[in-house]
Each structure stands twice: as structure tokens, then as C-alpha cells.
Amino acid sequence: MNTLFDKIWDSHVVTMIEEGPTQLYIDRLYCHEVTSPQAFAGMRERGLKPLRPERIYCMPDHNTPTHDQDKPIEDPVSKNQVDTLAKNAADFGLTHYGMMDERNGIIHVVGPERGLTLPGMTIVCGDSHTSTHGAVGAVAFGIGTSEVEMVMASQCILQAKPKTMRIRVEGNLGKGVTAKDVALYIMSKVTTSGATGYFIEYGGSAIRSLTMEGRLTLCNLSIEMGARGGMIAPDETTFAYLKGRENAPVGEEWDKAVAYWKTLKSGDDAVFDKEILFDAADIEPMLTYGTNPGMGMGVTGHIPTVEGMGEVAKTSFMKSMEYMGFEPGESLLGKKIDYVFLGSCTNGRIEDFRAFASIVKGKKKAEGVTVWLVPGSWMVDAQIREEGLDKIFEEAGFQLRQPGCSACLAMNDDKIPAGKYSVSTSNRNFEGRQGPGARTILAGPLVAAAAAVTGEITDPRTLIG
Ligand SMILES: CC(C)[C@H](C(=O)O)[C@@H](O)C(=O)O
Ligand code: SF4
């Protein structure tokens, strides 16, 4: 016990139900257009009003097109979803960052960058990647639609307390190794079910060295290991990132908050249900070769062979090879690709665009490759322009799109055609995730940039000066 997770969880317990779940107070509820309609409908049916409307923030992100956002949405399903959220937020008196609002973007990008996501909070959203917000030192997790309704009505949720796991990465990260590579590496070792039932705390010198953006990327992917969430103890990096943000405390309140946030760390005597240790030196730029995010390898590595695999594992492995059009044992270096997607709540932050720009600067987009650069929010878009990264992209032949989930999942116009290879900085490479038949290779922003300028899988370290 005495873990960071326990400290935050325990301070939010309202009622302990004997042999049942805990009633937990929730500091923030985020709502997007996909998982909130039934919750609002339920509230209406029961004649309920939100208990703490000022703690609820709504914004569309999944269905928003990434072009012409100033015009009505063409796709009727998406239009209806986005309009419905706006109406629901207005009817229930909730804050809504609509499309074209300068505060709009992917909810998991907007929360931290607007200072809505703060250390010590409990944060929920009807979305699995709510784990992202844990990066500032919060207990943040995804919930179902009926639970969204529960939180709206009562600002509380019934939850079974998960077990705790600490994953430490010690040492220095090598050249060209980003937070995404760390996450894909951990996942390739832990597997997509290895953290089921746990809440992860990340620690160790390699994790401490990550920027806030990098930490958000890492925590974002916790859910892909089956974890309930992931978190990192707040420190100077966290405070520097949050200071001066729109909703962060100011003046004396800030000082008081920081004094409290400094207490938010696991004690030296903390006991975790499970501990795992990795060496940073073992991590190289990563990519996935299969159809789940745990099927990852170093960019210079080889796809595993079926040798030693049991029948069941072999069948599912070969099915995924067939879908991807890859052979067991092969290297992916030099493989031709068709699409590159930079964006999503995993890698749609300013640092990801800086990383991408660092590779493409002075180079040209490879012929025949379609590249989608999609900022995670309007704030990221503004930062890109402020720093002149848009010029670097334009000179290289790339165009910036407008914020949203975009090609991360095929819920809007940005779909990868069947059979095409997409190097994607998002978080899921499931069959059909980016469009029916689309073949997704997950990677970090540097591997994506290297693919965008060479048209093939390339080790980004060969392009770094
Ligand atoms: C639409 C939503 C429920 C879903 C999630 O929960 O993660 C989506 O964001 C995703 O990434 O698949
Ligand atoms: S960017 Fe992708 S993973 Fe993130 S919330 Fe949107 S659809 Fe889900």
C-alpha cells in the first residue's frame, strides 16, 4: 500500500460498500459525442439534472471531419452525433467546446492542455483512452455509457478497486527513441492482456526524463495492455507544464496546489501487487507487424517465426500475418507503404509535430504516399504555426488538417482504403480499425516521418543528423 494510486483513490472514497464496489467521488467528467447520447437520454427520462455541471466538459472529436469545419458536416450520421452533443450540453447547462471553438480538439489532448486535468484528481470519460490523463498524476479511467449517466447525476461512480502494478524503466533512452517506442516496447513484453485488472504507475529514470507530452503518450497506451489506467507521479515537469494554463490554479491557490501535489507520490515502502522492470537501453524505435498493439518489434527486428508456438497461438498469428500481408520471420525495413497518419490522442501533441518536422525538414514527401497530419487540438495547430512547423511541412509537400480523431478510427471521412499500408501514430492496429481491410503499422512520430519521406519502412536513426 501507500502507493500514489491508493492515496488519490482513498481521498475520493465516499462510501465503502461491504464486499461490493466503492462509491468514488469524481472531479471531472469529460463527454464526447459517441458515448454520451444514451446517458443524456437516460437523464431526460428520469428527469434528472447534473449534480455538479461545472465539473463536466463536453466536446466532439470522433466524428468531426478534419477539413472544412466551418461548413456543415456532410456525413449525416456524424452531423447528427455532433449536433446532438451540442444540444445536450446546452439543455443540461454544461460547458461545450464545439467544432471551430478554439478550445476544441480530442478530449484527451484538450483536458491537459487547458489545465482541466490536474494532479490528484479522479477523472472519467466514456472512452478507454481516458488513461491518458493519468500522466499528470491523476486517477483517470474509461467508463461505460450507463456509468456516464451515473456520474452526471451523482458526481460519483461505483467502482471495484483495481490491483496496482509498477512498471519501471531505468536508464537513458537511445537516439530516436520516443515515448511511443517505450510504450510499444513495454506492450510487446507485457502483451495486450498482461495488465488486466491493474492500475499501472510508471516510474524509473527513463520515465522521469520524459516530457509531459511523452508521459501523456505513454499513459494513453496503458489501456492497450488491459490496464484500468496508468499514472505518473507529478514532479517539476508536470508543474512547469501546467503553470499558467487556462484552468490551472493561480497565485496563492497555485502555491497551495503545488504543495499538495508534491505529496502525491508512492512512498519508499509502497507495496504493489506486481512490479516489472525494464532497461531503457534495450528499446529501439518500434513498430507493430500484427493486428494488436502488443505485436511490436524494433524497427530493425524481424517478425517472429511460428517455431514453438502452440496451435491456437499459431492460428491467430497466421491470420494476422495474412491480414497484414507479411511473412513470419521477415524484416519490415524497406517495405513500401501507402499512408502516413500523424495524430490521435496518442501522438497528436506539439512535441509529436516537432519530432516529425525534425525528420522531414529539407526533405520531400515520397511519391505515391498520402500523408495526413492532424493536430490533436486547435491549440496544437496554433503552436505548430507559431513555431513555423507548418512551413517545414508545406515545403516538404505536406498539408495540415483540422483537429479531431481522424484516421485513428474510421468514424469520419479519413479512412485508409482496403489493402493499403498505413504507418500510423495512433494506438490500435485492429483489423479494419482505420477502414475495412486497411493495414495499420503502429509507430512513433519519427518512424512515421521517415516513412513519409522515403515511402517505405525506414529506421529514423539513419535520417537523424
Ligand atoms: C468511441 C470510443 C468508445 C472508443 C474508446 O473507448 O476508446 C474510441 O475512442 C476508440 O479509440 O476506440
Ligand atoms: S484519437 Fe483515437 S484513441 Fe483517441 S479518443 Fe479518438 S478514436 Fe479514441
# chains A, B, ... in the order shown; residues from 1 in each chain; ligands from 1

$ residues_around --residues "stretch 429-440 of chain A" --least-positions-apart "5" --cutoff "6 Å" --atoms "only C-alpha atoms" --output "PyMOL selection string"
chain A and resi 291-292+324+407+409-410+415-422

$ write_last_selection --atoms "N, CA and C atoms" --output "mmCIF file, in the first residue's frame"
data_model
loop_
_atom_site.group_PDB
_atom_site.id
_atom_site.type_symbol
_atom_site.label_atom_id
_atom_site.label_comp_id
_atom_site.auth_asym_id
_atom_site.auth_seq_id
_atom_site.Cartn_x
_atom_site.Cartn_y
_atom_site.Cartn_z
ATOM 1 N N THR A 291 -1.851 -7.444 -35.750
ATOM 2 C CA THR A 291 -3.162 -6.818 -35.638
ATOM 3 C C THR A 291 -3.611 -6.591 -34.193
ATOM 4 N N ASN A 292 -2.657 -6.534 -33.286
ATOM 5 C CA ASN A 292 -2.934 -5.960 -31.968
ATOM 6 C C ASN A 292 -1.682 -5.197 -31.542
ATOM 7 N N MET A 324 -2.182 -8.759 -42.719
ATOM 8 C CA MET A 324 -1.171 -7.723 -42.943
ATOM 9 C C MET A 324 -0.378 -7.956 -44.234
ATOM 10 N N ALA A 407 -8.048 9.607 -38.712
ATOM 11 C CA ALA A 407 -7.824 8.233 -39.172
ATOM 12 C C ALA A 407 -7.528 7.251 -38.041
ATOM 13 N N LEU A 409 -9.618 6.087 -35.997
ATOM 14 C CA LEU A 409 -10.673 5.093 -36.188
ATOM 15 C C LEU A 409 -11.578 5.627 -37.287
ATOM 16 N N ALA A 410 -12.093 4.724 -38.064
ATOM 17 C CA ALA A 410 -12.795 5.130 -39.274
ATOM 18 C C ALA A 410 -14.220 5.628 -38.993
ATOM 19 N N LYS A 415 -10.469 7.670 -43.982
ATOM 20 C CA LYS A 415 -10.384 6.213 -43.935
ATOM 21 C C LYS A 415 -9.258 5.734 -44.846
ATOM 22 N N ILE A 416 -8.539 4.710 -44.407
ATOM 23 C CA ILE A 416 -7.479 4.121 -45.222
ATOM 24 C C ILE A 416 -8.133 3.035 -46.096
ATOM 25 N N PRO A 417 -7.883 3.052 -47.407
ATOM 26 C CA PRO A 417 -8.518 2.062 -48.279
ATOM 27 C C PRO A 417 -8.045 0.625 -47.995
ATOM 28 N N ALA A 418 -8.881 -0.324 -48.362
ATOM 29 C CA ALA A 418 -8.590 -1.743 -48.130
ATOM 30 C C ALA A 418 -7.258 -2.131 -48.769
ATOM 31 N N GLY A 419 -6.484 -2.912 -48.023
ATOM 32 C CA GLY A 419 -5.232 -3.457 -48.541
ATOM 33 C C GLY A 419 -4.047 -2.515 -48.436
ATOM 34 N N LYS A 420 -4.316 -1.243 -48.192
ATOM 35 C CA LYS A 420 -3.221 -0.265 -48.151
ATOM 36 C C LYS A 420 -2.496 -0.324 -46.802
ATOM 37 N N TYR A 421 -1.202 0.002 -46.869
ATOM 38 C CA TYR A 421 -0.387 0.050 -45.646
ATOM 39 C C TYR A 421 -0.351 1.456 -45.085
ATOM 40 N N SER A 422 -0.640 1.554 -43.800
ATOM 41 C CA SER A 422 -0.638 2.852 -43.149
ATOM 42 C C SER A 422 0.315 2.813 -41.965
#

$ residues_near_ligand --ligand "ligand 2" --cutoff "6 Å" --atoms "only C-alpha atoms and all ligand atoms" --output "MDAnalysis selection string"
chainID A and resid 62 129 344:345 405 408:409

$ write_last_selection --atoms "N, CA and C atoms" --output "compact mmCIF listing (two decimals), in the first residue's frame"
# COMPACT_ATOMS: atom_id res chain seq x y z
N HIS A 62 -14.61 12.54 -32.27
CA HIS A 62 -14.55 11.35 -33.12
C HIS A 62 -15.14 11.57 -34.51
N HIS A 129 -9.38 5.57 -23.69
CA HIS A 129 -8.09 6.26 -23.59
C HIS A 129 -8.06 7.41 -22.57
N SER A 344 -3.94 11.75 -33.43
CA SER A 344 -4.64 10.98 -32.39
C SER A 344 -4.29 11.44 -30.98
N CYS A 345 -5.02 10.90 -30.01
CA CYS A 345 -4.76 11.27 -28.62
C CYS A 345 -3.46 10.66 -28.13
N CYS A 405 -10.20 13.12 -34.16
CA CYS A 405 -9.65 11.76 -34.06
C CYS A 405 -9.16 11.26 -35.41
N CYS A 408 -7.56 7.70 -36.80
CA CYS A 408 -7.33 6.78 -35.69
C CYS A 408 -8.40 5.69 -35.69
N LEU A 409 -9.62 6.09 -36.00
CA LEU A 409 -10.67 5.09 -36.19
C LEU A 409 -11.58 5.63 -37.29

$ residues_around --residues "A:Pro328" --least-positions-apart "5" --cutoff "6 Å" --atoms "only C-alpha atoms" --output "ChimeraX atom specification"
/A:303-305

$ residues_near_ligand --ligand "ligand 1" --cutoff "6 Å" --atoms "only C-alpha atoms and all ligand atoms" --output "ChimeraX atom specification"
/A:34-35,127-129

$ closest_residue --among "A:Ser377, A:Ser11, A:Thr454, A:Ser358" --to "A:Leu24" --atoms "only C-alpha atoms"
A:Ser11

$ residues_around --residues "A:Thr370" --least-positions-apart "4" --cutoff "10 Å" --atoms "only C-alpha atoms" --output "count of residues only"
12

$ closest_residue --among "A:Met309, A:Val299, A:Ala449, A:Ile283" --to "A:Val360" --atoms "only C-alpha atoms"
A:Ala449

$ select_by_dssp --residues "stretch 249-452 of chain A" --states "strand (DSSP E)" --output "JSON, numbers by chain"
{"A": [274, 275, 276, 277, 278, 279, 286, 287, 288, 296, 297, 298, 339, 340, 341, 342, 370, 371, 372, 373, 421, 422, 423, 424, 439, 440, 441, 442]}

$ residues_around --residues "A:Met225" --least-positions-apart "6" --cutoff "10 Å" --atoms "only C-alpha atoms" --output "PyMOL selection string"
chain A and resi 183-184+186-196+198+200+293-294

$ decode --residues "stretch 206-235 of chain A" --atoms "N, CA and C atoms" --output "JSON list (two decimals), in the first residue's frame"
[["chain", "number", "residue", "atom", "x", "y", "z"],
["A", 206, "ALA", "N", 14.10, 6.65, -16.81],
["A", 206, "ALA", "CA", 13.72, 6.91, -18.21],
["A", 206, "ALA", "C", 12.34, 7.55, -18.27],
["A", 207, "ILE", "N", 11.47, 7.17, -17.38],
["A", 207, "ILE", "CA", 10.11, 7.75, -17.37],
["A", 207, "ILE", "C", 10.16, 9.18, -16.85],
["A", 208, "ARG", "N", 10.96, 9.38, -15.79],
["A", 208, "ARG", "CA", 11.10, 10.74, -15.23],
["A", 208, "ARG", "C", 11.67, 11.70, -16.27],
["A", 209, "SER", "N", 12.48, 11.17, -17.18],
["A", 209, "SER", "CA", 13.11, 12.04, -18.18],
["A", 209, "SER", "C", 12.14, 12.43, -19.29],
["A", 210, "LEU", "N", 10.99, 11.78, -19.35],
["A", 210, "LEU", "CA", 10.02, 12.10, -20.41],
["A", 210, "LEU", "C", 9.38, 13.47, -20.17],
["A", 211, "THR", "N", 9.11, 14.17, -21.26],
["A", 211, "THR", "CA", 8.36, 15.43, -21.17],
["A", 211, "THR", "C", 6.92, 15.11, -20.82],
["A", 212, "MET", "N", 6.14, 16.15, -20.55],
["A", 212, "MET", "CA", 4.73, 15.93, -20.24],
["A", 212, "MET", "C", 4.01, 15.28, -21.42],
["A", 213, "GLU", "N", 4.31, 15.77, -22.61],
["A", 213, "GLU", "CA", 3.68, 15.19, -23.81],
["A", 213, "GLU", "C", 3.99, 13.69, -23.91],
["A", 214, "GLY", "N", 5.27, 13.37, -23.67],
["A", 214, "GLY", "CA", 5.68, 11.96, -23.72],
["A", 214, "GLY", "C", 4.96, 11.12, -22.68],
["A", 215, "ARG", "N", 4.78, 11.68, -21.51],
["A", 215, "ARG", "CA", 4.10, 10.95, -20.44],
["A", 215, "ARG", "C", 2.63, 10.70, -20.80],
["A", 216, "LEU", "N", 2.04, 11.69, -21.46],
["A", 216, "LEU", "CA", 0.63, 11.54, -21.89],
["A", 216, "LEU", "C", 0.54, 10.41, -22.92],
["A", 217, "THR", "N", 1.51, 10.35, -23.82],
["A", 217, "THR", "CA", 1.55, 9.28, -24.83],
["A", 217, "THR", "C", 1.64, 7.92, -24.16],
["A", 218, "LEU", "N", 2.53, 7.81, -23.20],
["A", 218, "LEU", "CA", 2.74, 6.53, -22.52],
["A", 218, "LEU", "C", 1.49, 6.09, -21.76],
["A", 219, "CYS", "N", 0.93, 6.99, -20.97],
["A", 219, "CYS", "CA", -0.25, 6.63, -20.17],
["A", 219, "CYS", "C", -1.44, 6.31, -21.07],
["A", 220, "ASN", "N", -1.51, 6.99, -22.20],
["A", 220, "ASN", "CA", -2.56, 6.74, -23.18],
["A", 220, "ASN", "C", -2.64, 5.26, -23.55],
["A", 221, "LEU", "N", -1.47, 4.64, -23.70],
["A", 221, "LEU", "CA", -1.42, 3.26, -24.19],
["A", 221, "LEU", "C", -1.61, 2.21, -23.09],
["A", 222, "SER", "N", -1.74, 2.65, -21.83],
["A", 222, "SER", "CA", -1.91, 1.70, -20.72],
["A", 222, "SER", "C", -3.08, 0.77, -20.98],
["A", 223, "ILE", "N", -4.14, 1.35, -21.50],
["A", 223, "ILE", "CA", -5.37, 0.59, -21.73],
["A", 223, "ILE", "C", -5.14, -0.56, -22.72],
["A", 224, "GLU", "N", -4.18, -0.37, -23.62],
["A", 224, "GLU", "CA", -3.92, -1.42, -24.63],
["A", 224, "GLU", "C", -3.21, -2.63, -24.02],
["A", 225, "MET", "N", -2.77, -2.50, -22.77],
["A", 225, "MET", "CA", -2.21, -3.67, -22.07],
["A", 225, "MET", "C", -3.27, -4.29, -21.17],
["A", 226, "GLY", "N", -4.48, -3.77, -21.28],
["A", 226, "GLY", "CA", -5.58, -4.28, -20.47],
["A", 226, "GLY", "C", -5.73, -3.57, -19.15],
["A", 227, "ALA", "N", -4.83, -2.62, -18.84],
["A", 227, "ALA", "CA", -4.87, -1.94, -17.54],
["A", 227, "ALA", "C", -6.09, -1.04, -17.43],
["A", 228, "ARG", "N", -6.51, -0.81, -16.21],
["A", 228, "ARG", "CA", -7.63, 0.11, -15.96],
["A", 228, "ARG", "C", -7.17, 1.54, -16.25],
["A", 229, "GLY", "N", -5.90, 1.79, -15.97],
["A", 229, "GLY", "CA", -5.34, 3.12, -16.24],
["A", 229, "GLY", "C", -3.86, 3.10, -15.97],
["A", 230, "GLY", "N", -3.23, 4.24, -16.22],
["A", 230, "GLY", "CA", -1.79, 4.36, -15.96],
["A", 230, "GLY", "C", -1.53, 5.75, -15.40],
["A", 231, "MET", "N", -0.52, 5.88, -14.55],
["A", 231, "MET", "CA", -0.25, 7.20, -13.98],
["A", 231, "MET", "C", 1.23, 7.41, -13.72],
["A", 232, "ILE", "N", 1.61, 8.66, -13.58],
["A", 232, "ILE", "CA", 2.99, 9.03, -13.28],
["A", 232, "ILE", "C", 2.94, 10.10, -12.18],
["A", 233, "ALA", "N", 3.75, 9.95, -11.17],
["A", 233, "ALA", "CA", 3.73, 10.91, -10.05],
["A", 233, "ALA", "C", 4.09, 12.30, -10.58],
["A", 234, "PRO", "N", 3.35, 13.32, -10.14],
["A", 234, "PRO", "CA", 3.65, 14.67, -10.62],
["A", 234, "PRO", "C", 5.00, 15.15, -10.08],
["A", 235, "ASP", "N", 5.72, 15.92, -10.89],
["A", 235, "ASP", "CA", 7.01, 16.47, -10.47],
["A", 235, "ASP", "C", 7.19, 17.82, -11.15]]
